[in-house]
Amino acid sequence: MPAPAPSPAPFSGSNGSAGPGRRAVLTAGAVGMASVVVPSVAGVGTAWGAAPAPAGSDDTYGTLLTRAAAQLTGGDFDAADPDFAAALKTLDTQASGWWRQLDPSAGRTALWADLSPASDPGNFGQSYTRLRTLATAWATPATSLSGSAEALDTLLDALRFLHETGYRPGRPESGNWWFWEIGAPRALMDTCVLLRAHLPADDLSAYTATVAKFCPDPDRRTNAPSLAETGANRADKAVIVALRGLLARDSATLALARDGLSDVRDNGRNSLFQYVTSGDGFYEDGSFVQHGSVAYTGTYGSVLLGSAGQLIALLADSPWAVTDPKTSVLYEAVDRTFAPVVFDGLMMDAVRGRAISREKARDHNDGAATLSHILQLASGAPAEYARRWRAMAKGWIRRNKNTPYPGLVGIPALARAKAVLDDASIPADDRLTGHFVFADMDRVVHRRPGWTLALSLSSKRIAAYEAGNGENLHGWYTGDGMTYLYAGDDLGRFGDGFWATVDPYRLPGTTVDTRARADIGSGGGTGTYRPKNAVAGGAVLDARHGAAAMELLADGSTLRARKAWFCLDNAVVALGAGISASDGRTIETVVENRNLYADGPARRLVVDGRGRPGHDGWSARLGGARWAHLSGTGGYVFPSYPGRPGPAVDVGLRALREVRVGAWRDINTGADTGGSASPVTRRYLTLWLDHGVSPSDASYAYVLLPGASEAATAVWARSSPVRVVANDAGVQAVEARRDGLLAAHFWRPGRLGGLSVSGPGTVLVRRGRGGGVSVAVADPGRTGATVDVELPFPVRGVVRADDTVAVRPGRRGVVTVRVGGSRGHTHAAELR
């Protein structure tokens, strides 16, 4: 989709995509498949954009079709193996359910009663998906439909019915384009691959002709030929075109599919194997954007990884093998784009866009899909990549006992995972640690050994939310600084009914106007909302510490605020300043809104050493609180700072225990992703700061201590190892003396102690015990050309510096940073 222009309107619609959650994407790559070798540039021979390869022999097409079928069924496996037995049962249960409900009568108007009439795009699209499930069960040994003559005849008849009734070349596209150009053709081609030996030639010709009409190539949107396909949509279409080429035994079509990955038609402009600097695709900083302005690593990015990896594996060692020398971009993306946003197999909701509202595609589902895609890619990647990815995946699988991977995937993915788990030579990696600023998609991830925190920011460049086609109806505040805390082994917080039940006005980390909101995105098509603020992002120091900031210009409200976060070894300090509004409504900042699940162990809340009631419905004003502790999560400290000295000040803390009842249907009414109307009940503990009605220049400060004990929280509150040294509309800053760290975000030129900054920006300075100094600077507002940072101590020389950094040694060293054109990325130097 093209990037929607910034607009004051709260929600701008577009001819939106149904999105990857609608794709019943099957994990690709059979066990034992030939390895893919990416040649060096010198070894490519003719250009990777050369003319189509010569036609293969019938044996070549047959070999690749067998490979394509194995990608769907898993090929040979031991049905008696308990893990495979469970996966088989899952497939058989789903397939037999669709089989029992299928209407075989002559006068039918649909194959399934809930998908009537079959002429509707959403209905025939989903019907093909169900037929693929039936065909997969028919082609897989040891299911109740395996090799059934009745099932085969019924499938062949059902395909003819859908062709005559709904999906055929003579019909113009209507409704959602995605069903016509991706959803239906992908499921149809997969089904034809599985049934190919039994499909009458006329039927196969009719089906491939239909797909050729609606998905002729990977390069263009068929219903809008001037629109070039990008990202996941391009990758999906390339797979569809390749399968059509194999079934039609057409060499030119297979070359078209291969070349679509590299966008030969437009000289690589929309190649999937490149780093982009704007719009859709992979960025060098690890960001992934789709729909022009949405942080979409966890859904569209994952689909791209899976589809591109599948096609690379499918066409390997054939006349149409993918030989683009830049395929390494896809390999590098595993480490820099996907690994930082996966926590023990969970895909972080901060990068899943409107998919958070999908009942059947939660964080563990999308995480399992990404893990499967990584292992698929590893089967053909260079050894140094493959070894690292398998160790990483093994750690994810072993640590996630809450939603075990084997229960989330099909047989092909399970076979690859079992090979890794059973290989004693592959270690299980520990959790990734470090601080990651994804400046090109307004996301920040801080990873420590025992916990991880993700920040979801937004700006005039990156959408605060995407909604549409009935999805993400209550996503208003998900991009307003929401903090996702993954603490210890509590892996169900967001995946266990959270989005169906959480109070959408009280998302952790956000500062909100309590006005009532209407549903968003209830109509057809998708759209995004991008606020008008420029500042969103921050800087990272030594890959360990970080600071981030966001200017809040609230949608539909006069609320304004300046928010900052400082990420340290065992704490995250959150600051807010300049909080003002004039609409006559209460303004709140949410410290925590913890999902305590439907049942389970009691979570004890202690405030300033005193236990608080644990029954649902309890609420209290805790204005003078200095610290709080929630068992199973960690501590919260409310420190003093200039402008709010001393513990006697009322910080406005409020607490609530409540039982919330919701339904997935409340937030998603999509044609094929809509949730159930069945009630979902969860318990919550909420902590928030009440800024009152129409506050003027209000502020806040709180510290998250993930995993800290009650005693450690109390000690931290007394000793203040991290001090808030500034928190106003000009600068927000903290000092961690033990680490020798000063971290600040300057909203304008200013001075803090002995540190002086010539323009807006984020600055971190750390003095080591050996006399070394590390400096990191970023301009997340992207407004300046250079920033001068005068340090409060002598500088004798430079150990290392980015080429954008100049240093003037002296009694008060000056670091000059060329921030212009760097898109908010960090500039670093090590000094003596």
# chains A, B, ... in the order shown; residues from 1 in each chain; ligands from 1
>>> select_by_dssp(residues="segment 375-616 of chain A", states="strand (DSSP E)", output="PyMOL selection string")
chain A and resi 434-438+443-447+451-456+465-468+482-487+511-513+526-529+536-541+545-553+560-567+572-580+586-597+605-607+610-611
>>> residues_around(residues="segment 713-720 of chain A", least_positions_apart="4", cutoff="8 Å", atoms="only C-alpha atoms", output="number ranges by chain")
A: 608-609, 626-629, 634-639, 705, 708-709
>>> closest_residue(among="A:Ala534, A:Cys215, A:Val420, A:Val437", to="Thr253 of chain A", atoms="only C-alpha atoms")
A:Cys215
>>> atom_distance(atom1="atom CA of Tyr641 of chain A", atom2="atom CA of Val724 of chain A")
5.3 Å
>>> residues_around(residues="segment 272-274 of chain A", least_positions_apart="3", cutoff="7 Å", atoms="only C-alpha atoms", output="ChimeraX atom specification")
/A:231,261-262,326-327,329-330
>>> write_last_selection(atoms="C-alpha atoms", output="compact mmCIF listing (two decimals), in the first residue's frame")
# COMPACT_ATOMS: atom_id res chain seq x y z
CA GLY A 231 7.21 -6.59 0.98
CA LEU A 261 11.68 -11.41 -5.60
CA SER A 262 14.36 -9.13 -7.03
CA LYS A 326 21.87 -9.80 -2.41
CA THR A 327 19.88 -12.61 -0.82
CA VAL A 329 19.87 -9.21 3.20
CA LEU A 330 17.27 -11.84 4.08
>>> residues_around(residues="Leu552 of chain A", least_positions_apart="5", cutoff="12 Å", atoms="only C-alpha atoms", output="PyMOL selection string")
chain A and resi 457-460+464+477+479-482+510-513+530-536+557-564+576-581
>>> residues_around(residues="Gly62 of chain A", least_positions_apart="6", cutoff="12 Å", atoms="only C-alpha atoms", output="list in words")
Gly56, Ala68, Ala69, Val193, Arg196, Ala197, Leu243, Gly245, Leu246, Leu247, Ala248, Arg249 and Ser318 of chain A
>>> write_last_selection(atoms="all heavy atoms", output="PDB file, in the first residue's frame")
ATOM      1  N   GLY A  56      12.659 -26.585 -18.278  1.00  0.00           N
ATOM      2  CA  GLY A  56      13.151 -27.822 -17.716  1.00  0.00           C
ATOM      3  C   GLY A  56      12.443 -29.009 -18.337  1.00  0.00           C
ATOM      4  O   GLY A  56      11.422 -28.883 -19.001  1.00  0.00           O
ATOM      5  N   ALA A  68       7.180 -29.255  -3.716  1.00  0.00           N
ATOM      6  CA  ALA A  68       6.123 -28.345  -3.262  1.00  0.00           C
ATOM      7  C   ALA A  68       5.096 -29.080  -2.413  1.00  0.00           C
ATOM      8  O   ALA A  68       4.598 -28.548  -1.407  1.00  0.00           O
ATOM      9  CB  ALA A  68       5.445 -27.693  -4.461  1.00  0.00           C
ATOM     10  N   ALA A  69       4.758 -30.304  -2.803  1.00  0.00           N
ATOM     11  CA  ALA A  69       3.812 -31.085  -2.006  1.00  0.00           C
ATOM     12  C   ALA A  69       4.398 -31.427  -0.647  1.00  0.00           C
ATOM     13  O   ALA A  69       3.705 -31.383   0.383  1.00  0.00           O
ATOM     14  CB  ALA A  69       3.426 -32.356  -2.761  1.00  0.00           C
ATOM     15  N   VAL A 193      -1.538 -28.562  -6.254  1.00  0.00           N
ATOM     16  CA  VAL A 193      -0.278 -29.283  -6.102  1.00  0.00           C
ATOM     17  C   VAL A 193      -0.520 -30.631  -5.435  1.00  0.00           C
ATOM     18  O   VAL A 193       0.014 -31.668  -5.854  1.00  0.00           O
ATOM     19  CB  VAL A 193       0.728 -28.440  -5.290  1.00  0.00           C
ATOM     20  CG1 VAL A 193       1.898 -29.291  -4.808  1.00  0.00           C
ATOM     21  CG2 VAL A 193       1.240 -27.270  -6.116  1.00  0.00           C
ATOM     22  N   ARG A 196      -2.604 -32.977  -7.887  1.00  0.00           N
ATOM     23  CA  ARG A 196      -2.227 -32.830  -9.290  1.00  0.00           C
ATOM     24  C   ARG A 196      -2.338 -34.105 -10.104  1.00  0.00           C
ATOM     25  O   ARG A 196      -2.687 -34.064 -11.289  1.00  0.00           O
ATOM     26  CB  ARG A 196      -0.807 -32.283  -9.386  1.00  0.00           C
ATOM     27  CG  ARG A 196       0.265 -33.212  -8.806  1.00  0.00           C
ATOM     28  CD  ARG A 196       1.598 -32.498  -8.639  1.00  0.00           C
ATOM     29  NE  ARG A 196       2.647 -33.399  -8.147  1.00  0.00           N
ATOM     30  CZ  ARG A 196       2.764 -33.778  -6.877  1.00  0.00           C
ATOM     31  NH1 ARG A 196       1.891 -33.338  -5.975  1.00  0.00           N
ATOM     32  NH2 ARG A 196       3.733 -34.585  -6.522  1.00  0.00           N
ATOM     33  N   ALA A 197      -2.072 -35.258  -9.502  1.00  0.00           N
ATOM     34  CA  ALA A 197      -2.098 -36.513 -10.250  1.00  0.00           C
ATOM     35  C   ALA A 197      -3.515 -36.935 -10.609  1.00  0.00           C
ATOM     36  O   ALA A 197      -3.699 -37.823 -11.451  1.00  0.00           O
ATOM     37  CB  ALA A 197      -1.409 -37.615  -9.447  1.00  0.00           C
ATOM     38  N   LEU A 243       4.074 -21.573  -8.242  1.00  0.00           N
ATOM     39  CA  LEU A 243       3.260 -22.785  -8.225  1.00  0.00           C
ATOM     40  C   LEU A 243       2.443 -22.904  -9.507  1.00  0.00           C
ATOM     41  O   LEU A 243       2.290 -24.004 -10.065  1.00  0.00           O
ATOM     42  CB  LEU A 243       2.344 -22.777  -7.001  1.00  0.00           C
ATOM     43  CG  LEU A 243       3.052 -22.845  -5.632  1.00  0.00           C
ATOM     44  CD1 LEU A 243       2.042 -22.737  -4.507  1.00  0.00           C
ATOM     45  CD2 LEU A 243       3.871 -24.123  -5.500  1.00  0.00           C
ATOM     46  N   GLY A 245       3.361 -21.722 -12.389  1.00  0.00           N
ATOM     47  CA  GLY A 245       4.309 -22.108 -13.423  1.00  0.00           C
ATOM     48  C   GLY A 245       4.644 -23.577 -13.399  1.00  0.00           C
ATOM     49  O   GLY A 245       4.772 -24.225 -14.447  1.00  0.00           O
ATOM     50  N   LEU A 246       4.783 -24.147 -12.205  1.00  0.00           N
ATOM     51  CA  LEU A 246       5.058 -25.578 -12.097  1.00  0.00           C
ATOM     52  C   LEU A 246       3.878 -26.407 -12.598  1.00  0.00           C
ATOM     53  O   LEU A 246       4.055 -27.373 -13.348  1.00  0.00           O
ATOM     54  CB  LEU A 246       5.380 -25.945 -10.651  1.00  0.00           C
ATOM     55  CG  LEU A 246       6.730 -25.482 -10.104  1.00  0.00           C
ATOM     56  CD1 LEU A 246       6.852 -25.829  -8.628  1.00  0.00           C
ATOM     57  CD2 LEU A 246       7.877 -26.113 -10.897  1.00  0.00           C
ATOM     58  N   LEU A 247       2.681 -26.043 -12.175  1.00  0.00           N
ATOM     59  CA  LEU A 247       1.492 -26.808 -12.577  1.00  0.00           C
ATOM     60  C   LEU A 247       1.246 -26.709 -14.076  1.00  0.00           C
ATOM     61  O   LEU A 247       0.789 -27.681 -14.704  1.00  0.00           O
ATOM     62  CB  LEU A 247       0.274 -26.315 -11.802  1.00  0.00           C
ATOM     63  CG  LEU A 247       0.267 -26.678 -10.308  1.00  0.00           C
ATOM     64  CD1 LEU A 247      -0.744 -25.830  -9.549  1.00  0.00           C
ATOM     65  CD2 LEU A 247      -0.048 -28.166 -10.126  1.00  0.00           C
ATOM     66  N   ALA A 248       1.544 -25.549 -14.656  1.00  0.00           N
ATOM     67  CA  ALA A 248       1.360 -25.356 -16.096  1.00  0.00           C
ATOM     68  C   ALA A 248       2.589 -25.776 -16.893  1.00  0.00           C
ATOM     69  O   ALA A 248       2.565 -25.732 -18.127  1.00  0.00           O
ATOM     70  CB  ALA A 248       1.024 -23.898 -16.387  1.00  0.00           C
ATOM     71  N   ARG A 249       3.649 -26.153 -16.177  1.00  0.00           N
ATOM     72  CA  ARG A 249       4.920 -26.518 -16.811  1.00  0.00           C
ATOM     73  C   ARG A 249       5.373 -25.419 -17.770  1.00  0.00           C
ATOM     74  O   ARG A 249       5.673 -25.660 -18.934  1.00  0.00           O
ATOM     75  CB  ARG A 249       4.788 -27.870 -17.518  1.00  0.00           C
ATOM     76  CG  ARG A 249       4.774 -29.030 -16.526  1.00  0.00           C
ATOM     77  CD  ARG A 249       4.475 -30.361 -17.165  1.00  0.00           C
ATOM     78  NE  ARG A 249       4.986 -31.482 -16.394  1.00  0.00           N
ATOM     79  CZ  ARG A 249       4.510 -31.899 -15.212  1.00  0.00           C
ATOM     80  NH1 ARG A 249       3.502 -31.256 -14.673  1.00  0.00           N
ATOM     81  NH2 ARG A 249       5.051 -32.930 -14.585  1.00  0.00           N
ATOM     82  N   SER A 318      17.579 -25.847  -9.561  1.00  0.00           N
ATOM     83  CA  SER A 318      16.765 -25.977 -10.762  1.00  0.00           C
ATOM     84  C   SER A 318      17.178 -24.888 -11.747  1.00  0.00           C
ATOM     85  O   SER A 318      17.935 -23.977 -11.391  1.00  0.00           O
ATOM     86  CB  SER A 318      15.283 -25.826 -10.417  1.00  0.00           C
ATOM     87  OG  SER A 318      14.938 -24.450 -10.241  1.00  0.00           O
TER      88      SER A 318
END
>>> atom_distance(atom1="atom CA of Ala87 of chain A", atom2="atom CA of Gly410 of chain A")
5.9 Å
